[in-house]
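Q: Contents of upload_34.cif (mmCIF, C-alpha atoms and all ligand atoms) are given next:
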```cif
data_target
loop_
_atom_site.label_atom_id
_atom_site.label_comp_id
_atom_site.auth_asym_id
_atom_site.auth_seq_id
_atom_site.Cartn_x
_atom_site.Cartn_y
_atom_site.Cartn_z
CA MET A 1 1.97 -17.66 8.91
CA ASN A 2 -1.05 -15.45 8.58
CA PHE A 3 -0.61 -11.72 9.08
CA ARG A 4 -4.26 -11.21 8.16
CA ASP A 5 -5.81 -13.43 10.84
CA PRO A 6 -9.17 -11.71 11.53
CA ALA A 7 -9.34 -13.01 15.11
CA LEU A 8 -5.94 -11.54 15.96
CA ILE A 9 -6.81 -8.25 14.25
CA LYS A 10 -9.89 -8.00 16.43
CA ARG A 11 -7.93 -8.76 19.57
CA LEU A 12 -5.35 -6.12 18.68
CA SER A 13 -8.17 -3.65 18.13
CA LYS A 14 -9.42 -4.36 21.68
CA SER A 15 -5.94 -3.99 23.17
CA ILE A 16 -5.48 -0.65 21.43
CA ALA A 17 -8.82 0.56 22.80
CA SER A 18 -7.96 -0.40 26.37
CA GLU A 19 -4.44 1.04 26.13
CA ALA A 20 -5.78 4.32 24.71
CA LYS A 21 -8.58 4.70 27.24
CA GLY A 22 -8.53 8.07 28.96
CA LEU A 23 -5.64 9.41 26.90
CA PRO A 24 -5.93 12.69 24.97
CA GLU A 25 -6.34 12.50 21.19
CA MET A 26 -3.29 11.00 19.43
CA LYS A 27 -2.44 11.74 15.83
CA LEU A 28 -0.37 8.93 14.35
CA MET A 29 0.98 9.27 10.82
CA GLU A 30 1.89 6.56 8.33
CA VAL A 31 4.30 7.81 5.71
CA CYS A 32 4.29 5.11 3.06
CA GLY A 33 1.96 4.65 0.11
CA SER A 34 1.66 0.94 0.82
CA HIS A 35 0.56 1.67 4.39
CA THR A 36 -2.07 4.07 3.03
CA GLN A 37 -3.37 1.27 0.84
CA ALA A 38 -3.34 -1.37 3.58
CA VAL A 39 -5.10 0.89 6.08
CA ALA A 40 -7.87 1.76 3.62
CA ARG A 41 -8.22 -1.66 2.02
CA PHE A 42 -8.59 -3.54 5.29
CA GLY A 43 -10.71 -0.82 6.90
CA LEU A 44 -8.30 -0.47 9.82
CA ARG A 45 -9.38 3.06 10.79
CA LYS A 46 -12.76 1.71 11.85
CA LEU A 47 -11.00 -0.62 14.29
CA LEU A 48 -9.38 2.22 16.22
CA PRO A 49 -10.92 4.13 19.14
CA GLU A 50 -12.08 7.77 18.70
CA ASN A 51 -8.96 9.23 20.26
CA VAL A 52 -6.49 7.39 18.00
CA LYS A 53 -6.34 9.21 14.67
CA LEU A 54 -4.39 7.54 11.87
CA VAL A 55 -3.48 9.97 9.07
CA SER A 56 -1.53 9.62 5.82
CA GLY A 57 1.62 11.61 5.14
CA PRO A 58 3.77 12.31 2.08
CA GLY A 59 4.56 8.64 1.33
CA CYS A 60 3.13 8.50 -2.18
CA PRO A 61 5.99 9.11 -4.65
CA VAL A 62 3.70 9.99 -7.57
CA CYS A 63 1.89 12.55 -5.37
CA VAL A 64 4.98 14.41 -4.15
CA THR A 65 6.76 14.59 -7.52
CA PRO A 66 6.44 18.30 -8.35
CA SER A 67 4.78 19.47 -11.52
CA SER A 68 8.12 20.94 -12.74
CA GLU A 69 9.73 17.47 -12.84
CA ILE A 70 6.79 16.05 -14.78
CA ALA A 71 7.06 18.98 -17.20
CA GLU A 72 10.74 18.09 -17.74
CA ALA A 73 9.74 14.53 -18.64
CA VAL A 74 7.10 15.80 -21.08
CA TRP A 75 9.62 18.24 -22.60
CA ILE A 76 12.07 15.37 -23.17
CA ALA A 77 9.34 13.14 -24.68
CA LYS A 78 8.29 15.90 -27.06
CA LYS A 79 11.90 16.29 -28.23
CA GLY A 80 11.77 12.74 -29.54
CA ALA A 81 13.44 10.54 -26.91
CA ILE A 82 11.78 7.34 -25.72
CA VAL A 83 10.52 8.11 -22.22
CA THR A 84 9.85 5.30 -19.75
CA THR A 85 7.95 5.81 -16.50
CA TYR A 86 6.25 4.00 -13.63
CA GLY A 87 2.47 3.71 -14.06
CA ASP A 88 0.41 6.49 -12.56
CA LEU A 89 2.96 9.24 -13.08
CA ALA A 90 2.07 9.39 -16.77
CA ARG A 91 -1.43 10.59 -15.88
CA VAL A 92 -0.39 13.54 -13.71
CA PRO A 93 -0.67 16.92 -15.47
CA SER A 94 2.05 19.57 -15.66
CA SER A 95 2.46 22.96 -17.36
CA LEU A 96 3.18 20.98 -20.56
CA GLY A 97 0.37 18.49 -20.04
CA SER A 98 0.76 14.88 -18.89
CA LEU A 99 3.03 12.20 -20.36
CA PHE A 100 -0.02 10.33 -21.64
CA GLU A 101 -1.19 13.49 -23.43
CA ALA A 102 2.26 13.75 -25.02
CA LYS A 103 1.89 10.11 -26.08
CA ALA A 104 -1.49 10.81 -27.64
CA GLY A 105 0.25 13.60 -29.56
CA GLY A 106 2.78 11.15 -30.99
CA ALA A 107 5.57 11.02 -28.36
CA ASP A 108 7.05 7.62 -27.47
CA VAL A 109 6.07 7.16 -23.81
CA ARG A 110 6.16 3.67 -22.30
CA VAL A 111 5.07 2.47 -18.88
CA VAL A 112 7.54 0.06 -17.27
CA TYR A 113 7.48 -2.01 -14.11
CA SER A 114 11.21 -1.85 -13.48
CA ILE A 115 14.22 0.27 -14.44
CA ALA A 116 15.66 -2.98 -15.83
CA ASP A 117 12.80 -3.05 -18.37
CA ALA A 118 13.64 0.54 -19.34
CA GLY A 119 17.26 -0.53 -19.89
CA GLU A 120 16.05 -3.37 -22.11
CA ILE A 121 14.12 -0.87 -24.25
CA ALA A 122 17.32 1.19 -24.61
CA ARG A 123 19.23 -1.93 -25.65
CA LYS A 124 16.67 -2.72 -28.36
CA ASN A 125 16.72 0.85 -29.69
CA PRO A 126 20.44 1.66 -29.95
CA GLY A 127 19.88 4.52 -32.40
CA GLU A 128 17.70 6.46 -29.97
CA LYS A 129 17.95 7.84 -26.46
CA THR A 130 15.85 6.18 -23.80
CA VAL A 131 15.17 8.37 -20.76
CA HIS A 132 13.80 6.74 -17.62
CA VAL A 133 11.81 9.00 -15.30
CA ALA A 134 13.06 7.74 -11.95
CA ILE A 135 10.78 8.79 -9.11
CA GLY A 136 10.48 7.44 -5.60
CA PHE A 137 12.30 7.28 -2.31
CA GLU A 138 15.13 5.03 -1.07
CA THR A 139 13.10 1.90 -1.88
CA THR A 140 13.12 2.63 -5.60
CA ALA A 141 16.34 4.67 -5.74
CA GLN A 142 18.34 1.61 -4.71
CA THR A 143 17.09 -0.21 -7.83
CA THR A 144 18.28 2.76 -9.93
CA ALA A 145 21.65 2.53 -8.17
CA ALA A 146 21.88 -1.21 -8.77
CA PHE A 147 21.01 -0.84 -12.43
CA LEU A 148 23.44 2.01 -13.13
CA ASN A 149 26.19 0.00 -11.45
CA SER A 150 25.71 -2.92 -13.82
CA SER A 151 26.92 -1.36 -17.09
CA PRO A 152 23.70 -0.02 -18.64
CA PRO A 153 23.59 0.77 -22.37
CA LYS A 154 25.30 3.98 -23.54
CA ASN A 155 22.06 5.47 -24.92
CA PHE A 156 20.32 5.21 -21.53
CA LEU A 157 19.63 8.31 -19.42
CA VAL A 158 17.83 8.93 -16.14
CA LEU A 159 15.65 11.90 -15.25
CA ASN A 160 16.52 11.69 -11.60
CA CYS A 161 13.56 12.66 -9.37
CA HIS A 162 14.54 10.47 -6.41
CA LYS A 163 14.26 11.82 -2.89
CA TRP A 164 15.66 10.91 0.53
CA PHE A 165 12.67 10.34 2.76
CA LEU A 166 13.87 11.00 6.31
CA PRO A 167 14.45 14.75 5.75
CA ALA A 168 10.73 15.02 4.88
CA MET A 169 9.78 13.27 8.14
CA ASP A 170 12.07 15.75 9.90
CA ALA A 171 10.46 18.75 8.14
CA LEU A 172 6.95 17.62 9.10
CA LEU A 173 7.88 17.28 12.76
CA ALA A 174 9.61 20.66 12.66
CA SER A 175 6.40 22.39 11.64
CA ARG A 176 4.80 22.13 15.05
CA ASP A 177 1.33 23.11 13.84
CA LEU A 178 0.89 19.60 12.38
CA LYS A 179 1.09 18.05 15.88
CA ILE A 180 2.18 14.56 14.92
CA ASP A 181 2.34 12.32 17.99
CA GLY A 182 4.02 9.30 16.39
CA TYR A 183 5.21 7.84 13.13
CA ILE A 184 4.61 4.48 11.54
CA CYS A 185 7.91 4.36 9.62
CA PRO A 186 7.99 3.17 6.01
CA GLY A 187 8.85 -0.53 6.00
CA HIS A 188 10.66 -0.71 2.69
CA VAL A 189 12.62 2.53 3.00
CA SER A 190 13.71 0.94 6.26
CA THR A 191 15.08 -2.24 4.67
CA LEU A 192 17.76 0.02 3.18
CA VAL A 193 18.44 2.57 5.93
CA GLY A 194 17.70 0.31 8.93
CA SER A 195 15.55 1.03 11.97
CA ASN A 196 18.40 2.84 13.77
CA ALA A 197 18.32 5.58 11.13
CA TYR A 198 15.13 7.05 12.64
CA ARG A 199 16.55 7.50 16.14
CA PHE A 200 17.59 11.12 15.64
CA LEU A 201 13.96 12.07 15.04
CA SER A 202 12.79 10.54 18.32
CA GLU A 203 15.65 12.27 20.14
CA LYS A 204 15.08 15.65 18.48
CA TYR A 205 11.29 15.82 18.77
CA GLY A 206 10.41 13.34 21.52
CA VAL A 207 8.04 11.30 19.34
CA PRO A 208 7.73 7.52 19.32
CA GLN A 209 8.22 5.65 16.05
CA VAL A 210 7.57 2.09 14.94
CA VAL A 211 8.93 0.53 11.75
CA ALA A 212 6.11 -1.59 10.36
CA GLY A 213 5.28 -4.08 7.64
CA PHE A 214 2.28 -3.92 5.35
CA GLU A 215 -0.15 -6.57 6.49
CA PRO A 216 -3.13 -5.62 8.65
CA LEU A 217 -1.55 -7.24 11.73
CA ASP A 218 1.66 -5.27 11.16
CA VAL A 219 -0.14 -1.94 11.09
CA MET A 220 -2.38 -2.75 14.06
CA LEU A 221 0.58 -3.95 16.13
CA ALA A 222 2.49 -0.78 15.24
CA VAL A 223 -0.43 1.35 16.42
CA LEU A 224 -0.56 -0.59 19.70
CA MET A 225 3.20 -0.14 20.21
CA LEU A 226 2.91 3.61 19.56
CA VAL A 227 -0.04 4.05 21.92
CA ARG A 228 1.83 2.07 24.61
CA GLN A 229 4.86 4.34 24.25
CA LEU A 230 2.66 7.46 24.43
CA ASN A 231 0.89 6.05 27.50
CA LYS A 232 4.23 5.50 29.23
CA GLY A 233 5.66 8.82 28.06
CA GLU A 234 8.36 7.09 25.99
CA ALA A 235 9.82 8.20 22.66
CA LYS A 236 11.91 5.50 21.07
CA VAL A 237 12.21 3.67 17.78
CA GLU A 238 10.79 0.16 17.80
CA ASN A 239 10.83 -2.35 14.99
CA GLU A 240 7.72 -4.42 14.38
CA TYR A 241 8.94 -5.62 10.96
CA ILE A 242 11.87 -7.69 12.27
CA ARG A 243 11.25 -10.36 9.65
CA VAL A 244 12.61 -7.97 7.02
CA VAL A 245 14.19 -4.84 8.55
CA LYS A 246 17.53 -4.94 10.37
CA PRO A 247 18.70 -2.24 12.79
CA GLU A 248 21.64 -1.36 10.53
CA GLY A 249 19.84 -1.74 7.17
CA ASN A 250 21.14 -3.42 4.03
CA ALA A 251 24.91 -2.93 3.76
CA LYS A 252 25.21 -4.12 0.16
CA ALA A 253 22.47 -1.77 -1.05
CA LEU A 254 23.78 1.13 1.06
CA GLY A 255 27.17 0.67 -0.63
CA LEU A 256 25.60 0.97 -4.09
CA MET A 257 23.57 4.00 -2.98
CA GLY A 258 26.72 5.74 -1.74
CA GLU A 259 28.46 5.13 -5.07
CA THR A 260 25.55 6.58 -7.02
CA PHE A 261 23.87 9.39 -5.09
CA GLY A 262 24.85 12.38 -3.00
CA VAL A 263 22.77 14.75 -0.91
CA GLY A 264 21.15 17.96 -2.16
CA ASN A 265 17.91 19.90 -1.82
CA ALA A 266 14.70 18.86 -3.55
CA GLU A 267 11.26 20.21 -4.15
CA TRP A 268 8.26 18.19 -3.01
CA ARG A 269 4.77 18.85 -4.25
CA GLY A 270 2.80 20.30 -1.38
CA LEU A 271 5.76 20.51 0.98
CA GLY A 272 8.08 22.89 -0.91
CA VAL A 273 11.87 22.60 -0.91
CA ILE A 274 13.24 20.26 1.75
CA ASN A 275 16.93 20.59 2.56
CA GLY A 276 18.92 17.39 2.36
CA SER A 277 16.16 15.46 0.56
CA GLY A 278 17.62 15.74 -2.94
CA MET A 279 19.48 12.77 -4.38
CA PRO A 280 21.80 14.14 -7.09
CA PHE A 281 24.09 11.76 -8.97
CA THR A 282 27.68 11.55 -7.82
CA ARG A 283 30.25 12.68 -10.35
CA ARG A 284 30.88 9.10 -11.44
CA PHE A 285 27.31 8.77 -12.66
CA GLY A 286 26.83 12.33 -13.95
CA HIS A 287 26.85 11.19 -17.57
CA PHE A 288 23.57 9.32 -17.02
CA ASP A 289 21.88 12.56 -15.93
CA ALA A 290 19.18 13.51 -18.45
CA ARG A 291 19.03 17.05 -17.03
CA TYR A 292 22.69 17.55 -17.80
CA ALA A 293 22.61 15.80 -21.20
CA LEU A 294 19.37 17.24 -22.57
CA LYS A 295 18.89 20.45 -20.54
CA PRO A 296 15.07 20.49 -20.47
CA LYS A 297 13.66 24.01 -20.18
CA VAL A 298 10.37 24.26 -18.34
CA SER A 299 8.44 26.88 -16.42
CA ARG A 300 7.41 26.02 -12.90
CA GLY A 301 3.64 25.90 -13.39
CA ALA A 302 1.10 25.53 -10.58
CA ASP A 303 1.64 22.53 -8.34
CA MET A 304 -1.94 22.35 -7.18
CA PRO A 305 -5.03 22.59 -9.38
CA ASN A 306 -7.61 25.17 -8.26
CA GLY A 307 -9.54 24.04 -5.22
CA CYS A 308 -7.42 20.91 -4.67
CA ALA A 309 -6.37 20.41 -1.05
CA CYS A 310 -3.64 17.87 -1.83
CA ALA A 311 -0.90 20.04 -0.29
CA ASN A 312 -2.57 19.75 3.11
CA VAL A 313 -3.59 16.13 2.57
CA LEU A 314 0.10 15.24 2.06
CA LYS A 315 0.92 16.82 5.43
CA GLY A 316 -1.90 15.03 7.22
CA LYS A 317 -3.50 18.42 7.89
CA THR A 318 -6.67 17.88 5.86
CA GLU A 319 -8.53 14.61 5.47
CA PRO A 320 -9.46 13.75 1.86
CA LYS A 321 -13.19 13.83 2.67
CA ASP A 322 -12.85 17.45 3.80
CA CYS A 323 -11.82 18.59 0.31
CA ARG A 324 -14.73 20.29 -1.46
CA LEU A 325 -14.03 18.37 -4.66
CA PHE A 326 -13.66 14.91 -3.09
CA GLY A 327 -15.98 12.40 -4.74
CA ARG A 328 -17.80 15.16 -6.60
CA ALA A 329 -15.61 16.80 -9.23
CA CYS A 330 -12.60 14.64 -8.27
CA THR A 331 -12.81 10.84 -8.60
CA PRO A 332 -10.35 8.07 -9.58
CA GLU A 333 -11.93 8.09 -13.07
CA LYS A 334 -11.58 11.88 -13.41
CA PRO A 335 -8.87 12.86 -10.92
CA ILE A 336 -8.09 16.52 -10.30
CA GLY A 337 -5.12 16.30 -7.93
CA PRO A 338 -2.22 13.82 -7.73
CA CYS A 339 -3.55 12.34 -4.46
CA MET A 340 -6.49 11.02 -6.48
CA VAL A 341 -4.46 9.95 -9.54
CA SER A 342 -2.12 7.58 -7.74
CA VAL A 343 -3.28 4.22 -6.40
CA GLU A 344 -1.16 5.07 -3.37
CA GLY A 345 -2.70 8.51 -2.91
CA ALA A 346 -4.70 9.22 0.24
CA CYS A 347 -7.69 10.60 -1.72
CA HIS A 348 -7.75 7.64 -4.09
CA ASN A 349 -7.78 5.14 -1.24
CA ALA A 350 -10.27 7.10 0.87
CA LEU A 351 -12.74 7.16 -2.02
CA ARG A 352 -12.25 3.58 -3.17
CA PHE A 353 -12.35 1.86 0.19
CA GLU A 354 -13.66 4.16 2.90
CA MET B 1 4.61 1.76 -6.97
CA CYS B 2 6.08 1.16 -3.54
CA LEU B 3 4.39 -2.20 -3.54
CA ALA B 4 6.69 -5.07 -2.78
CA TYR B 5 5.92 -8.76 -2.63
CA PRO B 6 7.45 -11.69 -0.77
CA GLY B 7 8.52 -14.72 -2.79
CA LYS B 8 10.88 -17.70 -2.69
CA VAL B 9 14.13 -17.94 -4.65
CA VAL B 10 13.91 -21.13 -6.74
CA SER B 11 17.02 -20.69 -8.87
CA ILE B 12 19.82 -18.21 -9.45
CA SER B 13 21.75 -17.41 -12.59
CA GLY B 14 24.21 -14.53 -12.38
CA LYS B 15 22.46 -11.37 -11.22
CA GLU B 16 19.01 -12.83 -11.77
CA GLY B 17 16.88 -15.16 -9.75
CA LEU B 18 13.66 -16.99 -10.48
CA ILE B 19 11.17 -16.11 -7.74
CA ASP B 20 8.10 -18.13 -6.87
CA TYR B 21 5.12 -16.15 -5.58
CA GLY B 22 2.82 -18.93 -4.42
CA GLY B 23 2.78 -20.64 -7.82
CA ILE B 24 3.46 -17.70 -10.13
CA ARG B 25 7.13 -17.51 -11.13
CA LYS B 26 8.91 -14.35 -12.29
CA LYS B 27 12.49 -13.24 -12.65
CA ALA B 28 13.98 -10.62 -10.34
CA ARG B 29 17.39 -8.98 -10.09
CA LEU B 30 19.49 -9.89 -7.08
CA ASP B 31 22.06 -7.04 -7.16
CA LEU B 32 20.95 -5.60 -3.81
CA VAL B 33 20.94 -8.76 -1.67
CA LYS B 34 23.02 -11.77 -0.69
CA VAL B 35 20.74 -14.77 -1.12
CA LYS B 36 20.77 -18.45 -1.85
CA LYS B 37 18.27 -20.90 -3.27
CA GLY B 38 15.35 -21.43 -0.89
CA ASP B 39 15.59 -17.97 0.73
CA TYR B 40 12.50 -15.76 0.87
CA VAL B 41 12.89 -12.23 -0.47
CA ILE B 42 10.87 -9.02 -0.81
CA VAL B 43 10.74 -7.86 -4.44
CA HIS B 44 10.15 -4.23 -5.46
CA THR B 45 10.03 -3.07 -9.11
CA GLY B 46 11.86 -6.16 -10.31
CA PHE B 47 14.65 -6.17 -7.69
CA ALA B 48 14.90 -8.24 -4.52
CA ILE B 49 15.47 -5.61 -1.81
CA GLU B 50 15.80 -7.74 1.34
CA LYS B 51 15.57 -11.25 2.70
CA VAL B 52 12.59 -12.38 4.78
CA ASP B 53 13.59 -14.10 7.99
CA ARG B 54 11.03 -16.84 8.66
CA LYS B 55 12.13 -17.28 12.27
CA ASN B 56 11.50 -13.61 13.00
CA ALA B 57 8.15 -13.75 11.23
CA LEU B 58 7.04 -16.49 13.63
CA LEU B 59 8.48 -14.51 16.52
CA THR B 60 6.31 -11.50 15.64
CA LEU B 61 3.17 -13.64 15.49
CA LYS B 62 4.08 -15.21 18.82
CA MET B 63 4.63 -11.77 20.30
CA ILE B 64 1.21 -10.66 19.09
CA ARG B 65 -0.46 -13.65 20.70
CA GLU B 66 1.38 -13.09 23.94
CA THR B 67 0.79 -9.34 24.29
CA LEU B 68 -2.96 -9.77 24.03
S1 LIG C 1 -10.04 15.04 -3.53
FE1 LIG C 1 -9.02 15.57 -5.48
S2 LIG C 1 -9.04 17.80 -5.51
FE2 LIG C 1 -9.44 17.20 -3.40
S3 LIG C 1 -7.42 17.11 -2.39
FE3 LIG C 1 -7.81 15.07 -3.15
S4 LIG C 1 -6.84 15.04 -5.16
FE4 LIG C 1 -7.07 17.20 -4.61
#
```
Could I get this file's structure written as structure tokens?
Ligand code: SF4
A:
Amino acid sequence: MNFRDPALIKRLSKSIASEAKGLPEMKLMEVCGSHTQAVARFGLRKLLPENVKLVSGPGCPVCVTPSSEIAEAVWIAKKGAIVTTYGDLARVPSSLGSLFEAKAGGADVRVVYSIADAGEIARKNPGEKTVHVAIGFETTAQTTAAFLNSSPPKNFLVLNCHKWFLPAMDALLASRDLKIDGYICPGHVSTLVGSNAYRFLSEKYGVPQVVAGFEPLDVMLAVLMLVRQLNKGEAKVENEYIRVVKPEGNAKALGLMGETFGVGNAEWRGLGVINGSGMPFTRRFGHFDARYALKPKVSRGADMPNGCACANVLKGKTEPKDCRLFGRACTPEKPIGPCMVSVEGACHNALRFE
Amino acid sequence: MCLAYPGKVVSISGKEGLIDYGGIRKKARLDLVKVKKGDYVIVHTGFAIEKVDRKNALLTLKMIRETL
């Protein structure tokens, strides 16, 4: 089973070209950090014809976490709690500096791979509070839900920065100036919500969507399916990732999500406040809420460094290479904006691979 | 951080499973899925988030070959 078969990739590339022939320019958007990485790493853009543009959207969780939420984490770390976080987030600056800067100043900041590891740290340090900075969309939020539902230690708190993803996809389509002609839907958000969950977007805006996996063949097949739909004037949700994603999603995980999270509004870096995208704890889990328990006080601070075009990169409006700072002042070694900090960021991938 | 990897469940004890990723074995939590030994799963930040259906994987490859 080889989803990287070069011969098949090439054949798909040819099929896309012949299907797209004579059609006006199509702007297709992938909205998942892992798609951004796959597209750049395997050089898939070069295999598409001129009139098929593949752009990155707001699918990088580190990139869309607003500076105010990072400042809250830094505030908590400086007050003396153990703060755990997923990798790249610790490097992103805020009005109070980055988590790594706080660590250099003596705060106890630890990078973890899983919320379960953060819980383990809490268990080993019963005299202290451990606060896990929980960022990410449905994919990661379900692991937070699972962990909180399995009797975590009493000294464990969560700085909840999770976000529902589909409202962001809705908001992008609603701003007509972005002119998105089709979505490649995020494969691992979809394992939870199911491919049927995207239907309302196709109905509301008349755009085709394809749920796709993360191998080169997955992405190329998804592009072909989207171009075919556009060619025929169709706008439906198709599922390319049938080996993992079911139409109705994952019932067990959806049950845990419902127990744990409600629906609110949330701020996204670059996109502003998006209604319905916030994931507040339900009352049952309110006592794990670090915001409620510790009441961090932070000022908003600028979300975008001077000259950084990340806000438009996250909407697929500007390509990384069109930012003045790209590859000059801003590089993966010395990143200026979050899209360059994160390994899932569009700027990071454009510079490293393209 | 959205990265997720496929692996095979080699053993299960309680909420944890031992997952084999082509020779490298690591533990993962199984709270979010219903699986048995021998199943393939996708693992994200230490939790299995869904099963991989081998039949459907072959079906997709077949579909690719046929649509070309
Ligand atoms: S290249 Fe750097 S400064 Fe420019 S948009 Fe990307 S992250 Fe921002």
Q: Residues of chain B were defined as contacting chain A if any atom lay at most 7 Å from it, counting only C-alpha atoms; please report them as a PyMOL selection string.
A: chain B and resi 2-3+31-33+45-47+50-54+56-57+68
Q: Please provide as a PyMOL selection string all residues within 8 Å of A:Thr85, with the sequence filter that same-chain residues fewer than 5 positions apart are discarded (counting all atoms listed in the file).
A: chain A and resi 90+109-112+132-134
Q: Report, as AutoDock Vina command-line options, the axis-aligned box around all atoms of stretch 38-42 of chain B present in the file, extended by 8 Å on each side; give centre and edge lengths in Å to one decimal place.
A:
```
--center_x 13.2 --center_y -15.2 --center_z 0.0 --size_x 20.7 --size_y 28.4 --size_z 17.8
```
Q: Determine, counting only C-alpha atoms, which protein, DNA and RNA residues have an atom within 10 Å of an atom of A:Leu201; residues of the same chain fewer than 4 positions away are not included. Present the result as number ranges by chain.
A: A: 166-167, 169-170, 173-174, 183, 197, 205-209, 235-237
Q: Would you mind listing the residues within 10 Å of ligand LIG 1 (chain C), counting only C-alpha atoms and all ligand atoms, as a ChimeraX atom specification?
A: /A:63,304-314,318-332,334-342,345-348,350-351
Q: Please indicate the distance in Å from atom CA of A:Ala20 to atom CA of A:Phe165, rounded to one decimal place.
A: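 Between atom CA of A:Ala20 and atom CA of A:Phe165 the gap works out to 29.3 Å.
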Q: Rounded to one decimal in Å, what is the spacing between atom CA of A:Ala171 and atom CA of A:Val273?
A: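 Answer for the atom CA of A:Ala171 to atom CA of A:Val273 separation: 9.9 Å.
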Q: Restore all heavy atoms in stretch 38-43 of chain A and list the result as a short mmCIF file (atom, residue, chain, number, x, y, z; two decimals), keeping the file's coordinate frame.
A:
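Okay, this is what ended up in selection26.cif:
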```cif
data_model
loop_
_atom_site.label_atom_id
_atom_site.label_comp_id
_atom_site.auth_asym_id
_atom_site.auth_seq_id
_atom_site.Cartn_x
_atom_site.Cartn_y
_atom_site.Cartn_z
N ALA A 38 -2.95 -0.31 2.65
CA ALA A 38 -3.34 -1.37 3.58
C ALA A 38 -4.39 -0.87 4.57
O ALA A 38 -5.38 -1.56 4.83
CB ALA A 38 -2.11 -1.90 4.32
N VAL A 39 -4.18 0.33 5.10
CA VAL A 39 -5.10 0.89 6.08
C VAL A 39 -6.50 1.04 5.48
O VAL A 39 -7.51 0.67 6.09
CB VAL A 39 -4.59 2.27 6.58
CG1 VAL A 39 -5.66 2.99 7.38
CG2 VAL A 39 -3.34 2.08 7.43
N ALA A 40 -6.56 1.54 4.24
CA ALA A 40 -7.87 1.76 3.62
C ALA A 40 -8.50 0.44 3.21
O ALA A 40 -9.66 0.16 3.49
CB ALA A 40 -7.71 2.68 2.41
N ARG A 41 -7.70 -0.41 2.57
CA ARG A 41 -8.22 -1.66 2.02
C ARG A 41 -8.80 -2.58 3.10
O ARG A 41 -9.82 -3.22 2.91
CB ARG A 41 -7.08 -2.37 1.29
CG ARG A 41 -7.56 -3.37 0.33
CD ARG A 41 -6.46 -3.88 -0.57
NE ARG A 41 -6.64 -5.30 -0.70
CZ ARG A 41 -5.66 -6.17 -0.74
NH1 ARG A 41 -4.40 -5.77 -0.69
NH2 ARG A 41 -5.91 -7.45 -0.82
N PHE A 42 -8.12 -2.65 4.23
CA PHE A 42 -8.59 -3.54 5.29
C PHE A 42 -9.46 -2.82 6.31
O PHE A 42 -9.80 -3.38 7.35
CB PHE A 42 -7.39 -4.22 5.97
CG PHE A 42 -6.63 -5.12 5.04
CD1 PHE A 42 -5.44 -4.71 4.47
CD2 PHE A 42 -7.14 -6.37 4.69
CE1 PHE A 42 -4.74 -5.53 3.59
CE2 PHE A 42 -6.46 -7.20 3.82
CZ PHE A 42 -5.25 -6.78 3.26
N GLY A 43 -9.80 -1.56 6.02
CA GLY A 43 -10.71 -0.82 6.90
C GLY A 43 -10.20 -0.69 8.32
O GLY A 43 -10.95 -0.79 9.28
#
```
